[in-house]
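K.L.:
To be precise about what I am sending: the file is called upload_29.tsv and holds TSV, C-alpha atoms.
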chain	number	residue	atom	x	y	z
M	60	MET	CA	-78.39	242.07	63.28
M	61	SER	CA	-77.20	239.74	60.51
M	62	ASP	CA	-74.86	237.95	62.91
M	63	LEU	CA	-77.70	236.96	65.24
M	64	PRO	CA	-78.71	233.28	65.06
M	65	SER	CA	-81.99	232.32	63.39
M	66	ASP	CA	-85.14	231.79	65.40
M	67	ARG	CA	-84.27	228.07	65.65
M	68	THR	CA	-80.94	228.68	67.36
M	69	ALA	CA	-81.24	232.14	68.97
M	70	PRO	CA	-81.12	231.84	72.78
M	71	GLY	CA	-84.25	232.56	74.75
M	72	VAL	CA	-84.52	235.98	76.37
M	73	SER	CA	-86.38	237.05	79.49
M	74	VAL	CA	-86.82	240.81	79.80
M	75	ILE	CA	-87.24	241.73	83.48
M	76	LEU	CA	-88.85	244.94	84.74
M	77	PRO	CA	-89.07	245.99	88.40
M	78	VAL	CA	-92.17	248.21	88.56
M	79	ARG	CA	-94.08	250.16	91.20
M	80	ASP	CA	-96.39	253.16	90.90
M	81	GLU	CA	-96.09	252.93	87.11
M	82	GLU	CA	-99.73	253.15	86.02
M	83	GLN	CA	-99.02	256.00	83.60
M	84	ASN	CA	-95.99	254.38	81.98
M	85	LEU	CA	-96.34	250.61	82.34
M	86	ARG	CA	-98.42	249.86	79.26
M	87	ALA	CA	-96.10	251.85	76.97
M	88	ALA	CA	-93.01	250.27	78.58
M	89	VAL	CA	-94.29	246.72	78.08
M	90	GLU	CA	-95.50	247.42	74.55
M	91	GLN	CA	-92.09	248.70	73.45
M	92	VAL	CA	-90.46	245.58	74.90
M	93	LEU	CA	-92.95	243.30	73.14
M	94	LYS	CA	-92.29	245.08	69.84
M	95	GLN	CA	-88.58	244.24	69.95
M	96	VAL	CA	-87.23	242.62	66.78
M	97	TYR	CA	-85.82	239.41	68.17
M	98	PRO	CA	-85.91	235.99	66.43
M	99	GLY	CA	-85.74	233.68	69.46
M	100	PRO	CA	-87.99	232.67	72.39
M	101	TYR	CA	-89.03	235.73	74.34
M	102	GLU	CA	-90.90	236.72	77.49
M	103	VAL	CA	-91.43	239.72	79.76
M	104	VAL	CA	-91.40	239.31	83.55
M	105	LEU	CA	-92.88	242.12	85.64
M	106	ALA	CA	-91.92	242.20	89.32
M	107	VAL	CA	-94.62	244.41	90.83
M	108	GLY	CA	-94.15	246.15	94.16
M	109	PRO	CA	-96.83	247.67	96.44
M	110	SER	CA	-98.27	250.59	94.50
M	111	ARG	CA	-100.48	253.54	95.27
M	112	ASP	CA	-102.10	253.40	91.84
M	113	ARG	CA	-103.41	250.71	89.45
M	114	THR	CA	-100.01	249.27	88.59
M	115	GLN	CA	-100.90	245.78	89.87
M	116	GLU	CA	-104.23	245.68	88.03
M	117	LEU	CA	-102.64	246.95	84.83
M	118	ALA	CA	-99.83	244.39	85.05
M	119	ASP	CA	-102.39	241.61	85.46
M	120	GLU	CA	-104.32	242.92	82.44
M	121	LEU	CA	-101.17	242.93	80.31
M	122	ALA	CA	-100.36	239.38	81.37
M	123	ALA	CA	-103.90	238.23	80.59
M	124	GLY	CA	-103.70	239.81	77.14
M	125	ASP	CA	-100.36	238.34	76.04
M	126	PRO	CA	-98.94	234.93	77.03
M	127	ARG	CA	-95.41	236.35	76.79
M	128	VAL	CA	-96.04	238.60	79.82
M	129	ARG	CA	-95.76	237.17	83.34
M	130	VAL	CA	-96.21	238.84	86.74
M	131	VAL	CA	-94.43	238.11	90.03
M	132	ASP	CA	-95.02	239.81	93.36
M	133	ASN	CA	-92.46	241.97	95.14
M	134	PRO	CA	-94.02	242.69	98.56
M	135	SER	CA	-90.95	244.58	99.78
M	136	GLY	CA	-91.18	247.19	97.01
M	137	ARG	CA	-87.36	247.25	96.81
M	138	THR	CA	-85.61	247.15	93.45
M	139	PRO	CA	-82.95	244.49	94.15
M	140	VAL	CA	-85.60	242.17	95.61
M	141	ALA	CA	-87.75	242.72	92.52
M	142	LEU	CA	-84.83	241.88	90.25
M	143	ASN	CA	-83.98	238.68	92.10
M	144	ARG	CA	-87.61	237.56	92.10
M	145	ALA	CA	-87.93	238.24	88.38
M	146	ILE	CA	-84.71	236.35	87.67
M	147	ALA	CA	-85.90	233.37	89.71
M	148	ALA	CA	-89.18	233.30	87.76
M	149	ALA	CA	-87.61	233.83	84.33
M	150	GLN	CA	-87.59	230.85	81.96
M	151	HIS	CA	-84.59	231.79	79.81
M	152	ASP	CA	-80.85	232.03	80.30
M	153	ILE	CA	-80.33	235.56	78.94
M	154	LEU	CA	-81.84	238.22	81.18
M	155	VAL	CA	-82.32	241.76	79.89
M	156	ARG	CA	-83.13	244.44	82.45
M	157	VAL	CA	-85.42	247.31	81.43
M	158	ASP	CA	-87.00	249.92	83.71
M	159	GLY	CA	-90.53	251.26	83.61
M	160	HIS	CA	-89.45	254.69	82.34
M	161	SER	CA	-86.91	253.38	79.84
M	162	GLU	CA	-87.21	253.99	76.11
M	163	ILE	CA	-85.24	251.57	73.92
M	164	ALA	CA	-84.76	251.11	70.19
M	165	LEU	CA	-86.55	248.24	68.43
M	166	ASP	CA	-83.28	246.35	68.00
M	167	TYR	CA	-82.02	246.95	71.55
M	168	VAL	CA	-82.50	243.37	72.77
M	169	ALA	CA	-81.16	241.84	69.57
M	170	ARG	CA	-78.03	243.97	69.65
M	171	ALA	CA	-77.46	243.28	73.33
M	172	VAL	CA	-77.74	239.53	72.80
M	173	GLN	CA	-75.49	239.65	69.74
M	174	THR	CA	-72.81	241.52	71.72
M	175	LEU	CA	-73.22	239.18	74.68
M	176	LEU	CA	-72.62	236.15	72.43
M	177	ALA	CA	-69.73	237.78	70.58
M	178	THR	CA	-67.82	238.94	73.67
M	179	GLY	CA	-68.64	236.19	76.15
M	180	ALA	CA	-69.29	238.92	78.72
M	181	ALA	CA	-71.37	238.39	81.83
M	182	ASN	CA	-73.20	241.67	81.29
M	183	VAL	CA	-73.56	243.94	78.28
M	184	GLY	CA	-75.05	247.40	78.64
M	185	GLY	CA	-74.87	250.84	77.16
M	186	MET	CA	-75.55	254.49	77.83
M	187	MET	CA	-78.16	256.25	79.88
M	188	VAL	CA	-79.26	259.14	77.66
M	189	PRO	CA	-81.17	261.74	79.72
M	190	VAL	CA	-83.76	263.70	77.73
M	191	GLY	CA	-85.75	266.52	79.29
M	192	THR	CA	-88.85	268.30	78.09
M	193	THR	CA	-89.06	271.34	80.41
M	194	PRO	CA	-86.16	273.83	80.77
M	195	PHE	CA	-85.44	272.42	84.24
M	196	GLU	CA	-85.34	268.83	82.95
M	197	GLN	CA	-83.15	269.91	80.04
M	198	ALA	CA	-80.69	271.47	82.47
M	199	VAL	CA	-80.66	268.29	84.56
M	200	ALA	CA	-80.20	266.18	81.42
M	201	ARG	CA	-77.18	268.25	80.37
M	202	ALA	CA	-75.63	268.03	83.84
M	203	MET	CA	-76.22	264.27	83.96
M	204	SER	CA	-74.33	263.74	80.72
M	205	ARG	CA	-71.24	265.80	81.54
M	206	PRO	CA	-68.32	265.01	83.88
M	207	LEU	CA	-68.89	268.15	86.01
M	208	GLY	CA	-72.38	267.05	86.93
M	209	ILE	CA	-72.16	263.26	87.08
M	210	GLY	CA	-68.51	262.18	86.84
M	211	VAL	CA	-66.64	260.37	84.10
M	212	ALA	CA	-68.46	257.02	83.94
M	213	SER	CA	-68.71	255.97	80.29
M	214	PHE	CA	-72.38	255.01	80.53
M	215	HIS	CA	-73.09	258.68	81.38
M	216	THR	CA	-70.63	260.56	79.21
M	217	GLY	CA	-69.84	258.12	76.39
M	218	GLY	CA	-66.78	256.24	75.24
M	219	VAL	CA	-65.59	253.35	73.08
M	220	ALA	CA	-66.92	249.82	73.24
M	221	GLY	CA	-65.05	247.52	75.58
M	222	PRO	CA	-64.73	246.28	79.17
M	223	ALA	CA	-66.01	248.76	81.75
M	224	PRO	CA	-66.49	248.96	85.55
M	225	THR	CA	-70.26	249.19	85.12
M	226	VAL	CA	-72.97	249.86	82.54
M	227	TYR	CA	-76.55	251.09	82.48
M	228	LEU	CA	-79.16	248.35	82.95
M	229	GLY	CA	-77.71	245.39	81.04
M	230	ALA	CA	-78.18	241.99	79.42
M	231	PHE	CA	-76.89	239.20	81.68
M	232	ARG	CA	-75.91	235.57	81.40
M	233	ARG	CA	-77.89	233.67	84.00
M	234	ASP	CA	-74.95	231.39	84.86
M	235	ALA	CA	-72.77	234.41	85.66
M	236	LEU	CA	-75.44	235.87	87.96
M	237	ALA	CA	-75.86	232.51	89.69
M	238	ARG	CA	-72.10	232.28	90.17
M	239	VAL	CA	-72.00	235.50	92.23
M	240	GLY	CA	-75.39	235.09	93.90
M	241	GLY	CA	-77.47	237.66	92.03
M	242	PHE	CA	-78.27	241.17	93.24
M	243	ASP	CA	-77.38	242.00	96.83
M	244	GLU	CA	-80.70	242.96	98.40
M	245	TYR	CA	-79.01	245.11	101.03
M	246	PHE	CA	-78.18	247.74	98.43
M	247	VAL	CA	-81.37	249.72	97.93
M	248	ARG	CA	-79.41	251.85	95.48
M	249	ALA	CA	-76.20	251.22	93.56
M	250	GLN	CA	-77.14	247.53	93.38
M	251	ASP	CA	-76.23	247.42	89.69
M	252	TRP	CA	-72.77	248.91	90.31
M	253	GLU	CA	-72.22	246.55	93.23
M	254	LEU	CA	-73.25	243.51	91.17
M	255	ASN	CA	-70.96	244.49	88.31
M	256	HIS	CA	-68.11	244.92	90.77
M	257	ARG	CA	-68.60	241.38	92.07
M	258	LEU	CA	-68.86	240.01	88.53
M	259	ARG	CA	-65.51	241.56	87.64
M	260	LYS	CA	-63.92	240.31	90.87
M	261	ALA	CA	-65.11	236.82	89.90
M	262	GLY	CA	-63.20	237.09	86.61
M	263	GLU	CA	-66.18	237.98	84.43
M	264	VAL	CA	-66.30	240.80	81.88
M	265	VAL	CA	-68.74	243.70	81.98
M	266	TRP	CA	-68.98	245.10	78.45
M	267	PHE	CA	-69.93	248.65	77.46
M	268	ASP	CA	-71.57	249.21	74.06
M	269	PRO	CA	-72.27	252.91	73.39
M	270	GLU	CA	-74.76	251.95	70.67
M	271	LEU	CA	-77.08	250.50	73.33
M	272	ALA	CA	-78.66	253.84	74.19
M	273	VAL	CA	-81.54	253.99	76.68
M	274	THR	CA	-83.57	257.17	77.06
M	275	TYR	CA	-83.92	258.34	80.66
M	276	ARG	CA	-86.38	260.96	81.93
M	277	PRO	CA	-84.75	263.24	84.56
M	278	ARG	CA	-86.42	264.39	87.76
M	279	GLY	CA	-88.77	267.30	87.15
M	280	THR	CA	-88.49	269.36	90.35
M	281	TRP	CA	-85.76	270.78	92.56
M	282	SER	CA	-86.83	268.73	95.56
M	283	ALA	CA	-87.01	265.47	93.60
M	284	LEU	CA	-83.55	266.09	92.15
M	285	ALA	CA	-82.09	266.85	95.59
M	286	ARG	CA	-83.64	263.69	97.09
M	287	GLN	CA	-82.35	261.56	94.24
M	288	PHE	CA	-78.76	262.71	94.56
M	289	PHE	CA	-78.81	262.73	98.37
M	290	ARG	CA	-79.83	259.05	98.38
M	291	THR	CA	-77.31	258.23	95.68
M	292	GLY	CA	-74.56	259.79	97.80
M	293	GLN	CA	-75.73	257.82	100.84
M	294	TRP	CA	-75.49	254.53	99.01
M	295	ARG	CA	-72.17	255.33	97.38
M	296	ARG	CA	-70.77	255.62	100.89
M	297	GLN	CA	-72.24	252.20	101.71
M	298	VAL	CA	-70.56	250.72	98.63
M	299	ILE	CA	-67.20	252.19	99.66
M	300	GLN	CA	-67.61	250.88	103.19
M	301	HIS	CA	-68.16	247.38	101.87
M	302	TYR	CA	-65.52	247.70	99.13
M	303	PRO	CA	-62.83	250.13	100.36
M	304	GLU	CA	-60.72	249.46	97.28
M	305	THR	CA	-63.26	251.37	95.16
M	306	VAL	CA	-62.69	254.73	96.84
M	307	SER	CA	-61.43	257.43	94.47
M	308	ALA	CA	-61.00	261.18	94.24
M	309	ARG	CA	-64.14	261.30	92.07
M	310	TYR	CA	-66.28	260.07	94.96
M	311	LEU	CA	-64.57	262.20	97.59
M	312	ALA	CA	-64.81	265.48	95.66
M	313	PRO	CA	-68.50	266.26	96.38
M	314	PRO	CA	-68.30	265.68	100.17
M	315	ALA	CA	-65.07	267.70	100.22
M	316	ALA	CA	-66.89	270.54	98.42
M	317	VAL	CA	-69.75	270.38	100.95
M	318	LEU	CA	-67.33	270.58	103.86
M	319	GLY	CA	-65.47	273.46	102.20
M	320	VAL	CA	-68.66	275.44	101.69
M	321	VAL	CA	-69.97	274.74	105.21
M	322	VAL	CA	-66.66	275.63	106.87
M	323	GLY	CA	-66.47	278.75	104.73
M	324	VAL	CA	-69.96	279.87	105.71
M	325	LEU	CA	-69.25	279.29	109.40
M	326	ALA	CA	-65.95	281.14	109.12
M	327	THR	CA	-67.75	284.01	107.41
M	328	VAL	CA	-70.25	284.27	110.27
M	329	VAL	CA	-67.45	284.19	112.84
M	330	GLY	CA	-65.36	286.59	110.78
M	331	ALA	CA	-68.19	289.11	110.72
M	332	THR	CA	-67.74	289.51	114.47
M	333	ILE	CA	-63.94	289.42	114.49
M	334	GLY	CA	-62.89	291.58	111.58
M	335	PRO	CA	-63.00	292.03	107.79
M	336	ARG	CA	-59.84	289.98	107.22
M	337	TRP	CA	-61.42	286.78	108.58
M	338	LEU	CA	-64.68	287.63	106.86
M	339	LEU	CA	-62.90	287.55	103.49
M	340	VAL	CA	-61.07	284.33	104.37
M	341	GLY	CA	-64.33	282.61	105.28
M	342	ALA	CA	-66.14	283.83	102.18
M	343	ALA	CA	-63.39	282.53	99.88
M	344	GLY	CA	-64.68	278.94	99.99
M	345	PRO	CA	-68.35	279.49	99.10
M	346	LEU	CA	-67.56	282.25	96.61
M	347	GLY	CA	-64.82	280.19	94.97
M	348	TYR	CA	-67.11	277.19	94.61
M	349	GLY	CA	-69.97	279.31	93.26
M	350	THR	CA	-67.68	281.01	90.74
M	351	PHE	CA	-66.29	277.69	89.55
M	352	VAL	CA	-69.77	276.22	89.04
M	353	ALA	CA	-71.00	279.33	87.23
M	354	VAL	CA	-68.03	279.48	84.84
M	355	ALA	CA	-68.06	275.74	84.14
M	356	SER	CA	-71.83	275.75	83.60
M	357	ALA	CA	-71.54	278.59	81.10
M	358	THR	CA	-69.37	276.36	78.92
M	359	MET	CA	-71.36	273.21	79.59
M	360	GLY	CA	-74.67	274.91	78.81
M	361	GLN	CA	-73.85	275.92	75.24
M	362	GLY	CA	-76.70	274.97	72.92
M	363	LEU	CA	-79.37	274.93	75.62
M	364	VAL	CA	-82.32	277.29	75.53
M	365	THR	CA	-81.86	280.37	77.70
M	366	ALA	CA	-84.22	279.17	80.43
M	367	ALA	CA	-82.32	275.91	80.77
M	368	ARG	CA	-78.91	277.66	80.72
M	369	CYS	CA	-80.03	279.95	83.54
M	370	ARG	CA	-81.02	276.95	85.67
M	371	LEU	CA	-77.89	274.91	84.95
M	372	PRO	CA	-75.54	276.38	87.62
M	373	ALA	CA	-78.09	275.81	90.37
M	374	VAL	CA	-78.83	272.31	89.04
M	375	VAL	CA	-75.12	271.39	89.13
M	376	ALA	CA	-74.74	272.83	92.63
M	377	ILE	CA	-77.81	270.94	93.91
M	378	MET	CA	-76.57	267.67	92.41
M	379	GLN	CA	-73.09	268.02	93.91
M	380	MET	CA	-74.14	269.39	97.29
M	381	ALA	CA	-76.95	266.83	97.74
M	382	TRP	CA	-74.68	263.96	96.69
M	383	GLY	CA	-71.91	265.13	98.99
M	384	THR	CA	-74.29	265.66	101.92
M	385	GLY	CA	-75.77	262.21	101.42
M	386	PHE	CA	-72.29	260.71	101.34
M	387	LEU	CA	-71.39	262.43	104.61
M	388	ARG	CA	-74.70	261.40	106.19
M	389	GLY	CA	-74.59	257.75	105.13
M	390	VAL	CA	-77.39	255.27	105.71
M	391	ARG	CA	-78.71	254.93	109.26
M	392	PRO	CA	-82.06	253.10	109.21
M	393	ALA	CA	-83.70	251.82	112.36
M	394	VAL	CA	-82.00	248.85	113.95
M	395	GLY	CA	-83.54	245.57	112.85
M	396	SER	CA	-84.95	246.73	109.52
M	397	ALA	CA	-83.48	247.04	106.09
M	398	PRO	CA	-83.12	250.50	104.54
M	399	ALA	CA	-86.31	251.81	102.99
M	400	GLU	CA	-86.59	252.73	99.34
M	401	ASP	CA	-88.56	255.82	98.41
M	402	GLY	CA	-90.87	255.59	101.37
M	403	TYR	CA	-91.42	251.84	101.37
M	404	PRO	CA	-90.10	249.85	104.34
M	405	GLY	CA	-87.50	247.21	103.73
M	406	SER	CA	-87.68	243.65	104.96
M	407	ALA	CA	-86.14	242.76	108.32
M	408	HIS	CA	-82.63	241.35	108.48
M	409	GLN	CA	-80.15	240.64	111.22
M	410	ASP	CA	-76.49	241.19	111.84
M	411	GLY	CA	-73.78	239.12	110.24
M	412	PRO	CA	-73.04	238.13	106.63
M	413	ASP	CA	-74.27	234.83	105.24
M	414	ARG	CA	-71.77	234.34	102.45
M	415	GLN	CA	-72.77	230.78	101.65
M	416	ASN	CA	-76.22	231.77	100.50
M	417	GLY	CA	-75.00	234.45	98.11
M	418	PRO	CA	-75.32	238.24	98.12
M	419	GLY	CA	-79.06	238.17	97.56
M	420	ASN	CA	-79.45	236.49	100.94
M	421	ARG	CA	-76.74	238.27	102.93
M	422	ARG	CA	-77.83	239.64	106.26
M	423	ARG	CA	-76.04	242.76	107.43
M	424	THR	CA	-76.47	245.11	110.32
M	425	ALA	CA	-78.88	247.85	109.40
M	426	THR	CA	-76.72	250.47	111.06
M	427	GLU	CA	-73.48	249.80	109.18
M	428	ASP	CA	-72.08	253.25	108.73
Is it possible to express this structure as structure tokens?

P.N.:
Amino acid sequence: MSDLPSDRTAPGVSVILPVRDEEQNLRAAVEQVLKQVYPGPYEVVLAVGPSRDRTQELADELAAGDPRVRVVDNPSGRTPVALNRAIAAAQHDILVRVDGHSEIALDYVARAVQTLLATGAANVGGMMVPVGTTPFEQAVARAMSRPLGIGVASFHTGGVAGPAPTVYLGAFRRDALARVGGFDEYFVRAQDWELNHRLRKAGEVVWFDPELAVTYRPRGTWSALARQFFRTGQWRRQVIQHYPETVSARYLAPPAAVLGVVVGVLATVVGATIGPRWLLVGAAGPLGYGTFVAVASATMGQGLVTAARCRLPAVVAIMQMAWGTGFLRGVRPAVGSAPAEDGYPGSAHQDGPDRQNGPGNRRRTATED
């Protein structure tokens, strides 16, 4: 970090964390942020949503114990609202996003700021590095870092430093965020991708630095994994509906696989009553997909412990099928309310975009689908 300005000239940094139900992890998350080696003015802003544990009390304790920690309320419990509230409360012009489960190196903030200053980018971010502890989590971590499981985005699979469509988390220039209106609060998920898309459309640069590695803890159960990817698929469809130019074969492959498997299963059932020829035709789709996943997972799973390797094909299939099903389903919340996030209701909004007030204040129909 020799190129970083001294403490007299280094820009101030506000690290923002949207948190909710984080009693077990919040203290460690804040402590690692406060231990960052950074020479300039520094603060941590916690945007706390309604929690079913002691997250609020713990956040208040952390703020009382260190003047660099500040707390803002996020009654909606939704991530994009939390981010916008934290940004509004932040005192500094460089905003570094960290999540409650993130694990970052001691020089993460310093490197991000150095790269931000050197490139002039609007956002600088790096890689999400999934690390599992159980065999199931290890299988998920492997799938989430390979193109077969997660696609070819550089922040998942790696790549060279340079401009990118999106990055994981990020360090932002406040003026760039203000220019595009901040996070769009409609997007319960994919709000980071959507923001980066608008930044690039506005002529800004989103910069990927593979050295900015952030440890991510994968979901620990089959049901949690399926819910995660189902919701991700739902919101990817919403992004494509709002930005049709972003559609690609990568996003259409999982729903196409779901349709192929479903049609194949139905044809197999029908074929069982018609004759063996149609039975074989119907079974070709599901069997072909299963064979492909099994063979690809055998290669992808090299180096994993046996228990994780055995789980990997099913993990990949769950990720792809759940994502594809969510994409086909889309988001259909009740009319007159914003989509909920992980069980928490969203705030009410009405039909019709309000472009003048920026994406954070847009009002869209809740049944766009």

K.L.:
Quick one: residues within 12 Å of Trp266 in chain M, all atoms listed in the file counted, chain neighbours fewer than 2 positions away excluded, as a VMD selection string?

P.N.:
chain M and resid 171 to 172 174 to 186 213 to 214 218 to 231 255 258 to 259 263 to 264 268 to 271

K.L.:
Calculate, to one decimal in Å, the centre and edge lengths of the box along x, y and z of the file that holds all listed atoms of range 310-320 of chain M with 6 Å of margin on each side, and present them as JSON.

P.N.:
{"center_x": -67.2, "center_y": 267.8, "center_z": 99.4, "size_x": 17.2, "size_y": 27.4, "size_z": 20.9}

K.L.:
Give the answer as one residue: which of M:Arg238, M:Arg205, M:Arg391, M:Arg290 has the shortest atom-to-atom distance to Ser356 in chain M, using all atoms listed in the file?

P.N.:
M:Arg205

K.L.:
So which residues touch range 148-151 of chain M within 12 Å, counting all atoms listed in the file, skipping near sequence neighbours fewer than 5 positions away, as a PyMOL selection string?

P.N.:
chain M and resi 69-76+99-106+127-133+141-143+156+231-234

K.L.:
If we count all atoms listed in the file and set the cut-off at 9 Å, which residues sit around Pro194 in chain M, ignoring sequence neighbours fewer than 5 positions away in its own chain? Please answer as number ranges by chain.

P.N.:
M: 199, 363-368, 370

K.L.:
Write the residues of the selection above to a file with C-alpha atoms, as a compact mmCIF listing (two decimals), in the frame of the given file.

P.N.:
# COMPACT_ATOMS: atom_id res chain seq x y z
CA VAL M 199 -80.66 268.29 84.56
CA LEU M 363 -79.37 274.93 75.62
CA VAL M 364 -82.32 277.29 75.53
CA THR M 365 -81.86 280.37 77.70
CA ALA M 366 -84.22 279.17 80.43
CA ALA M 367 -82.32 275.91 80.77
CA ARG M 368 -78.91 277.66 80.72
CA ARG M 370 -81.02 276.95 85.67

K.L.:
Give me, please, the distance in Å between CA of Gln293 in chain M and CA of Val390 in chain M, quoted to one decimal.

P.N.:
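Separation of CA of Gln293 in chain M and CA of Val390 in chain M: 5.7 Å.
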
K.L.:
Please tell me which residues are no farther than 12 Å from (-85.0, 267.3, 79.8) in the file, counting all atoms listed in the file, and write them as number ranges by chain.

P.N.:
M: 188-204, 274-280, 363-364, 366-367, 370-371

K.L.:
Find the distance between CA of Phe246 in chain M and CA of Arg111 in chain M and write it in Å to one decimal.

P.N.:
23.3 Å

K.L.:
I'd like to know which of M:Gly208, M:Pro134, M:Gly262, M:Gly319 is closest to Pro372 in chain M, using all atoms listed in the file.

P.N.:
M:Gly208

K.L.:
Can you work out which one of M:Val247, M:Ile163, M:Leu207, M:Val239 has the shortest atom-to-atom distance to Phe351 in chain M, counting only C-alpha atoms?

P.N.:
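So, comparing all the options, the nearest one is M:Leu207.
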